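For reference, upload10.txt (compact mmCIF, C-alpha atoms):
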# COMPACT_ATOMS: atom_id res chain seq x y z
CA MET H 1 -22.95 -20.68 7.33
CA SER H 2 -25.92 -18.48 6.46
CA GLY H 3 -25.89 -16.39 3.30
CA HIS H 4 -25.30 -13.19 5.27
CA SER H 5 -22.34 -14.72 7.12
CA LYS H 6 -20.81 -16.09 3.93
CA TRP H 7 -21.16 -12.65 2.38
CA SER H 8 -19.37 -11.08 5.37
CA THR H 9 -16.50 -13.51 4.86
CA ILE H 10 -16.33 -12.70 1.15
CA LYS H 11 -16.25 -8.96 1.87
CA ARG H 12 -13.41 -9.38 4.36
CA LYS H 13 -11.36 -11.28 1.79
CA LYS H 14 -12.07 -8.72 -0.93
CA GLY H 15 -11.22 -5.88 1.45
CA ALA H 16 -7.64 -7.02 1.90
CA ASN H 17 -6.11 -4.20 -0.19
CA ASP H 18 -4.47 -1.30 1.65
CA ALA H 19 -7.14 1.32 0.88
CA LYS H 20 -10.05 -0.80 2.06
CA ARG H 21 -8.08 -2.08 5.04
CA GLY H 22 -7.34 1.51 6.09
CA ALA H 23 -11.04 2.41 5.90
CA MET H 24 -11.93 -0.69 7.90
CA PHE H 25 -9.38 0.21 10.60
CA THR H 26 -10.84 3.72 10.79
CA ALA H 27 -14.33 2.31 11.35
CA LEU H 28 -13.10 -0.16 13.96
CA ALA H 29 -11.18 2.59 15.78
CA ARG H 30 -14.36 4.66 16.06
CA VAL H 31 -16.24 1.75 17.63
CA ILE H 32 -13.39 1.17 20.10
CA ALA H 33 -13.32 4.87 21.00
CA ILE H 34 -17.06 4.98 21.69
CA ALA H 35 -16.90 1.81 23.81
CA ALA H 36 -14.02 3.27 25.83
CA ARG H 37 -15.85 6.56 26.28
CA GLU H 38 -19.03 4.86 27.46
CA GLY H 39 -17.50 2.24 29.76
CA GLY H 40 -13.87 3.12 30.42
CA GLY H 41 -10.60 1.97 28.92
CA ASP H 42 -10.21 -1.38 30.73
CA PRO H 43 -11.45 -4.27 28.54
CA ASP H 44 -11.57 -6.58 31.58
CA SER H 45 -14.34 -4.48 33.11
CA ASN H 46 -15.81 -3.02 29.90
CA PHE H 47 -17.34 -5.86 27.90
CA SER H 48 -18.27 -3.68 24.90
CA LEU H 49 -14.67 -2.53 24.65
CA ARG H 50 -13.40 -6.10 24.90
CA LEU H 51 -15.71 -7.11 22.09
CA ALA H 52 -14.60 -4.18 19.91
CA ILE H 53 -10.94 -5.00 20.53
CA ASP H 54 -11.49 -8.68 19.72
CA LYS H 55 -13.12 -7.69 16.43
CA ALA H 56 -10.22 -5.35 15.63
CA ARG H 57 -7.66 -8.05 16.38
CA ALA H 58 -9.56 -10.54 14.21
CA SER H 59 -9.17 -8.02 11.39
CA ASN H 60 -5.40 -7.74 12.08
CA MET H 61 -5.63 -4.15 13.26
CA PRO H 62 -2.24 -3.07 14.67
CA LYS H 63 -1.91 -2.87 18.45
CA ASP H 64 -0.85 0.79 18.30
CA ASN H 65 -4.05 1.69 16.44
CA ILE H 66 -6.16 -0.07 19.07
CA GLU H 67 -4.40 1.64 21.97
CA ARG H 68 -4.67 5.04 20.26
CA ALA H 69 -8.43 4.52 19.75
CA ILE H 70 -8.84 3.69 23.47
CA ARG H 71 -7.00 6.88 24.44
CA ARG H 72 -9.31 8.89 22.19
CA GLY H 73 -12.33 7.38 23.87
CA THR H 74 -11.12 7.92 27.43
CA GLY H 75 -10.15 11.54 26.71
CA GLU H 76 -6.39 11.07 27.01
CA ASP H 77 -6.13 12.29 23.43
CA LYS H 78 -7.38 15.86 23.79
CA ASP H 79 -7.53 16.43 20.02
CA ALA H 80 -9.89 13.52 19.37
CA ALA H 81 -13.26 14.15 17.72
CA ALA H 82 -16.41 13.36 19.70
CA PHE H 83 -18.12 10.41 18.02
CA GLU H 84 -21.64 9.15 18.62
CA ARG H 85 -23.39 5.94 17.65
CA LEU H 86 -26.56 6.36 15.56
CA VAL H 87 -28.96 3.89 13.96
CA TYR H 88 -30.98 4.76 10.84
CA GLU H 89 -33.72 2.82 9.08
CA GLY H 90 -34.84 2.83 5.47
CA TYR H 91 -35.43 0.90 2.28
CA GLY H 92 -33.14 -0.11 -0.54
CA PRO H 93 -34.15 -1.17 -4.05
CA HIS H 94 -37.11 -3.58 -4.33
CA ALA H 95 -38.39 -2.49 -0.88
CA VAL H 96 -35.63 -4.33 1.00
CA ALA H 97 -35.63 -3.13 4.62
CA LEU H 98 -32.34 -1.76 5.96
CA ILE H 99 -30.99 -0.99 9.43
CA ILE H 100 -27.86 1.15 9.19
CA GLU H 101 -25.55 1.54 12.19
CA CYS H 102 -23.27 4.57 12.06
CA VAL H 103 -20.48 6.05 14.13
CA THR H 104 -20.04 9.73 13.34
CA ASP H 105 -18.78 13.10 14.51
CA ASN H 106 -21.21 14.94 12.21
CA ARG H 107 -24.75 13.57 12.00
CA ASN H 108 -25.80 16.12 9.35
CA ARG H 109 -23.10 14.84 7.01
CA THR H 110 -24.05 11.24 7.75
CA VAL H 111 -27.75 11.74 7.01
CA ALA H 112 -26.97 13.61 3.78
CA GLU H 113 -24.69 10.82 2.54
CA LEU H 114 -27.21 8.11 3.43
CA ARG H 115 -30.09 9.94 1.72
CA HIS H 116 -28.02 10.53 -1.41
CA THR H 117 -26.85 6.92 -1.66
CA LEU H 118 -30.31 5.45 -1.10
CA SER H 119 -32.22 7.84 -3.35
CA LYS H 120 -29.70 7.28 -6.16
CA ALA H 121 -30.41 3.53 -5.88
CA GLY H 122 -34.18 3.92 -5.77
CA GLY H 123 -34.50 3.63 -2.01
CA ASN H 124 -35.16 6.05 0.81
CA LEU H 125 -34.28 6.85 4.39
CA GLY H 126 -37.21 6.33 6.77
CA GLU H 127 -38.26 7.45 10.21
CA GLY H 128 -37.15 5.66 13.37
CA GLY H 129 -39.19 2.50 13.79
CA SER H 130 -40.22 2.34 10.14
CA VAL H 131 -38.49 -1.00 9.54
CA ALA H 132 -37.24 -2.15 12.95
CA TRP H 133 -40.52 -4.00 13.56
CA GLN H 134 -39.48 -6.42 10.80
CA PHE H 135 -36.42 -7.58 12.77
CA GLU H 136 -35.60 -9.37 16.00
CA GLN H 137 -32.34 -8.66 17.80
CA LYS H 138 -30.28 -11.67 18.88
CA ALA H 139 -26.81 -12.47 20.14
CA TYR H 140 -24.83 -14.00 17.27
CA PHE H 141 -21.53 -15.88 17.09
CA SER H 142 -19.80 -17.78 14.29
CA PHE H 143 -16.51 -19.67 14.38
CA GLU H 144 -14.67 -22.59 12.83
CA LEU H 145 -14.97 -25.88 14.67
CA GLY H 146 -11.28 -26.64 14.39
CA GLY H 147 -10.69 -29.93 16.20
CA ARG H 148 -13.91 -29.75 18.20
CA SER H 149 -16.85 -32.03 17.58
CA GLU H 150 -20.33 -30.72 16.88
CA ASP H 151 -21.56 -32.42 20.06
CA GLN H 152 -18.95 -30.60 22.16
CA VAL H 153 -19.84 -27.22 20.69
CA PHE H 154 -23.58 -27.87 20.95
CA GLU H 155 -23.33 -28.76 24.64
CA LEU H 156 -21.15 -25.74 25.40
CA ALA H 157 -23.49 -23.40 23.51
CA VAL H 158 -26.67 -24.63 25.15
CA ASP H 159 -25.11 -24.50 28.63
CA ALA H 160 -24.04 -20.91 27.93
CA GLY H 161 -27.59 -19.84 27.00
CA ALA H 162 -27.74 -20.18 23.20
CA ASP H 163 -31.14 -21.15 21.87
CA ASP H 164 -30.05 -22.21 18.39
CA VAL H 165 -26.89 -23.86 17.08
CA THR H 166 -26.25 -24.76 13.42
CA PHE H 167 -23.29 -26.37 11.67
CA ASP H 168 -22.20 -26.04 8.07
CA ASP H 169 -18.97 -26.96 6.33
CA GLY H 170 -16.83 -26.93 9.47
CA TRP H 171 -18.39 -23.79 10.93
CA ALA H 172 -20.71 -23.25 13.89
CA GLU H 173 -23.27 -20.47 14.24
CA LEU H 174 -24.86 -19.68 17.60
CA THR H 175 -27.78 -17.41 18.37
CA GLY H 176 -29.43 -16.54 21.65
CA PRO H 177 -31.30 -13.78 23.48
CA PRO H 178 -29.47 -10.45 23.72
CA ASP H 179 -29.05 -10.75 27.48
CA ALA H 180 -27.11 -14.01 26.98
CA PHE H 181 -24.45 -12.32 24.85
CA LYS H 182 -21.84 -11.79 27.55
CA ARG H 183 -22.39 -15.25 29.06
CA ILE H 184 -21.95 -16.98 25.70
CA SER H 185 -18.91 -14.84 24.88
CA ASP H 186 -17.29 -15.64 28.22
CA ARG H 187 -17.88 -19.37 27.76
CA LEU H 188 -16.37 -19.34 24.29
CA ARG H 189 -13.35 -17.43 25.54
CA ALA H 190 -12.90 -19.87 28.43
CA ALA H 191 -12.96 -22.70 25.90
CA ALA H 192 -10.25 -20.91 23.82
CA ILE H 193 -12.69 -20.39 20.93
CA GLN H 194 -12.02 -17.23 18.90
CA ALA H 195 -15.25 -16.14 17.22
CA GLU H 196 -14.96 -14.88 13.65
CA GLU H 197 -18.09 -12.82 14.28
CA ALA H 198 -19.60 -11.88 17.63
CA GLU H 199 -22.27 -9.20 17.82
CA LEU H 200 -25.85 -8.28 18.54
CA ARG H 201 -27.47 -8.74 15.14
CA HIS H 202 -30.89 -7.90 13.75
CA PHE H 203 -32.50 -10.98 12.20
CA PRO H 204 -35.45 -10.43 9.85
CA THR H 205 -38.70 -12.13 10.82
CA ASN H 206 -39.38 -12.64 7.11
CA GLU H 207 -36.80 -12.41 4.33
CA ILE H 208 -37.46 -10.93 0.89
CA GLU H 209 -36.58 -13.31 -1.93
CA LEU H 210 -35.57 -11.76 -5.25
CA GLY H 211 -34.09 -13.00 -8.49
CA THR H 212 -30.31 -13.28 -8.71
CA ALA H 213 -29.84 -10.03 -10.64
CA GLU H 214 -32.06 -8.08 -8.24
CA THR H 215 -30.39 -9.67 -5.20
CA VAL H 216 -26.94 -8.67 -6.48
CA GLN H 217 -28.22 -5.15 -7.16
CA VAL H 218 -29.31 -4.76 -3.54
CA MET H 219 -26.08 -6.31 -2.23
CA ARG H 220 -24.07 -3.78 -4.22
CA VAL H 221 -26.10 -0.92 -2.76
CA ILE H 222 -25.43 -2.28 0.73
CA GLU H 223 -21.71 -2.48 -0.05
CA THR H 224 -21.81 1.16 -1.24
CA LEU H 225 -23.43 2.16 2.05
CA GLU H 226 -20.84 0.22 4.05
CA GLU H 227 -18.06 2.02 2.20
CA LEU H 228 -19.24 5.37 3.57
CA ASP H 229 -16.86 6.56 6.28
CA ASP H 230 -19.57 6.93 8.91
CA VAL H 231 -21.28 3.57 8.35
CA ASN H 232 -20.30 0.73 10.65
CA LYS H 233 -22.79 -1.96 9.64
CA VAL H 234 -25.84 -2.50 7.41
CA GLU H 235 -28.41 -5.21 8.09
CA SER H 236 -31.25 -6.19 5.79
CA ASN H 237 -34.13 -8.61 5.29
CA LEU H 238 -32.73 -9.72 1.93
CA SER H 239 -32.49 -13.46 1.29
CA ILE H 240 -28.98 -14.07 -0.06
CA THR H 241 -28.74 -17.06 -2.39
CA ASP H 242 -25.68 -19.09 -3.35
CA ALA H 243 -26.02 -17.83 -6.93
CA ALA H 244 -25.87 -14.21 -5.78
CA LEU H 245 -22.91 -14.96 -3.52
CA ALA H 246 -21.03 -16.57 -6.40
CA GLU H 247 -21.60 -13.51 -8.59
CA MET H 248 -20.49 -11.10 -5.87
CA GLU H 249 -17.38 -13.15 -5.12
CA ALA H 250 -16.43 -13.22 -8.81
CA ALA H 251 -16.89 -9.47 -9.25
Rendering of file as structure tokens:
Amino acid sequence: MSGHSKWSTIKRKKGANDAKRGAMFTALARVIAIAAREGGGDPDSNFSLRLAIDKARASNMPKDNIERAIRRGTGEDKDAAAFERLVYEGYGPHAVALIIECVTDNRNRTVAELRHTLSKAGGNLGEGGSVAWQFEQKAYFSFELGGRSEDQVFELAVDAGADDVTFDDGWAELTGPPDAFKRISDRLRAAAIQAEEAELRHFPTNEIELGTAETVQVMRVIETLEELDDVNKVESNLSITDAALAEMEAA
């Protein structure tokens, strides 16, 4: 798995305590609510909702929480806050480019929290388009091979529209054009493959390589951003080394 994917796995394991799990469920519920609001409450006809539910289930989110989030999105819950999805761009320490996806009911609060966190770390929030040109959006999937051979997975992935397949330590990672996302997802589901991660992800065209201490510093800033209630995901052009991963896992 890539450094970013290994880091995601580490963060999920470290976030197993009740407080962090509750915050994670809150973030997942917001994404489900927005998907339901935008495309309806039926996951069979609303692919974005199906994807959000799959991600929630993979994180062991209770069924009642998922159903309540859908009702909020469809308007059945009249007391629900109106959330919106926003994407911000900026720089962290050492000029590392950041794309920050948020789900919020108060964009003024969100911007203030992002500015404070970044400025405290020596970074800054930028204008729209200030860093996006350094990234390319792709469909991304990762999952354990289980009893499948690499040849089987490679053939399935290519037939589904993936343009790159890599294998590492019993895991497969697939990438493809954004418009192939649903096709690849449907093929994996038909093959009874449950993806650990499935999303449209921003891949940097060129990664920034730093020393281990500096890399860990940036990773900690990203974790601080991701702990904000309104932040759903942070992507960067940081090259994550095994040494930095080991230090973060031990912390």
_Point-to-point distance from atom CA of H:Asp159 to atom CA of H:Thr175, Å rounded to tenths_ =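 According to the coordinates, atom CA of H:Asp159 and atom CA of H:Thr175 are separated by 12.8 Å.
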What lies within 10 Å of H:Asn106 using all atoms listed in the file, ignoring chain neighbours under 2 positions off, as a compact mmCIF listing (two decimals) with C-alpha atoms, in the coordinates of the input?
# COMPACT_ATOMS: atom_id res chain seq x y z
CA ALA H 81 -13.26 14.15 17.72
CA ALA H 82 -16.41 13.36 19.70
CA PHE H 83 -18.12 10.41 18.02
CA GLU H 84 -21.64 9.15 18.62
CA VAL H 103 -20.48 6.05 14.13
CA THR H 104 -20.04 9.73 13.34
CA ASN H 108 -25.80 16.12 9.35
CA ARG H 109 -23.10 14.84 7.01
CA THR H 110 -24.05 11.24 7.75
CA VAL H 111 -27.75 11.74 7.01
CA ASP H 230 -19.57 6.93 8.91
Pick out the residues sitting within 8 Å of H:Trp171, and hand them over as a compact mmCIF listing (two decimals) with C-alpha atoms, in the coordinates of the input; count all atoms listed in the file, and ignore anything fewer than 3 positions along from it in its own chain.
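Resulting contents of around24.txt:
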# COMPACT_ATOMS: atom_id res chain seq x y z
CA MET H 1 -22.95 -20.68 7.33
CA SER H 142 -19.80 -17.78 14.29
CA PHE H 143 -16.51 -19.67 14.38
CA GLU H 144 -14.67 -22.59 12.83
CA LEU H 145 -14.97 -25.88 14.67
CA PHE H 167 -23.29 -26.37 11.67
CA ASP H 168 -22.20 -26.04 8.07
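Put simply, atom CA of H:Arg220 is 21.3 Å away from atom CA of H:Phe135.
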_Residue with smallest distance to H:Ile222 - pool H:Ala27, H:Val96, H:Ala243, H:Leu49, counting only C-alpha atoms_ =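 Of all the options, H:Val96 lies closest to H:Ile222.
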*atom CA of H:Ile193 to atom CA of H:Asp164, straight-line distance in Å*: 17.6 Å
_Surrounding residues of H:Val218 excluding itself and chain neighbours under 3 positions, 12 Å, only C-alpha atoms, as a PyMOL selection string_ = chain H and resi 91-98+118+121-123+208-215+221-225+234-240+244+248
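Distance annotation: of H:Asp179, H:Asp169, H:Glu113, H:Glu196, the residue with the minimal separation from H:Asp229 is H:Glu113; atom set is only C-alpha atoms.
Around H:Ile66, within 12 Å and counting all atoms listed in the file, the residues found are Phe25, Thr26, Ala27, Leu28, Ala29, Arg30, Val31, Ile32, Ala33, Ala35, Ala36, Gly41, Pro43, Leu49, Arg50, Ala52, Ile53, Asp54, Lys55, Ala56, Arg57, Ser59, Asn60, Arg72 and Gly73 of chain H, once anything fewer than 6 positions away on its own chain is removed.
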Create the file for the chosen residues now, containing C-alpha atoms and written as an mmCIF file, keeping the file's coordinate frame.
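After the write, result-v2.cif holds the following:
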data_model
loop_
_atom_site.group_PDB
_atom_site.id
_atom_site.type_symbol
_atom_site.label_atom_id
_atom_site.label_comp_id
_atom_site.auth_asym_id
_atom_site.auth_seq_id
_atom_site.Cartn_x
_atom_site.Cartn_y
_atom_site.Cartn_z
ATOM 1 C CA PHE H 25 -9.380 0.210 10.600
ATOM 2 C CA THR H 26 -10.840 3.720 10.790
ATOM 3 C CA ALA H 27 -14.330 2.310 11.350
ATOM 4 C CA LEU H 28 -13.100 -0.160 13.960
ATOM 5 C CA ALA H 29 -11.180 2.590 15.780
ATOM 6 C CA ARG H 30 -14.360 4.660 16.060
ATOM 7 C CA VAL H 31 -16.240 1.750 17.630
ATOM 8 C CA ILE H 32 -13.390 1.170 20.100
ATOM 9 C CA ALA H 33 -13.320 4.870 21.000
ATOM 10 C CA ALA H 35 -16.900 1.810 23.810
ATOM 11 C CA ALA H 36 -14.020 3.270 25.830
ATOM 12 C CA GLY H 41 -10.600 1.970 28.920
ATOM 13 C CA PRO H 43 -11.450 -4.270 28.540
ATOM 14 C CA LEU H 49 -14.670 -2.530 24.650
ATOM 15 C CA ARG H 50 -13.400 -6.100 24.900
ATOM 16 C CA ALA H 52 -14.600 -4.180 19.910
ATOM 17 C CA ILE H 53 -10.940 -5.000 20.530
ATOM 18 C CA ASP H 54 -11.490 -8.680 19.720
ATOM 19 C CA LYS H 55 -13.120 -7.690 16.430
ATOM 20 C CA ALA H 56 -10.220 -5.350 15.630
ATOM 21 C CA ARG H 57 -7.660 -8.050 16.380
ATOM 22 C CA SER H 59 -9.170 -8.020 11.390
ATOM 23 C CA ASN H 60 -5.400 -7.740 12.080
ATOM 24 C CA ARG H 72 -9.310 8.890 22.190
ATOM 25 C CA GLY H 73 -12.330 7.380 23.870
#
_Using all atoms listed in the file for the distances, tell me which of H:Gly75, H:Gly3, H:Pro177, H:Gly170 is nearest to H:Gly146._
H:Gly170
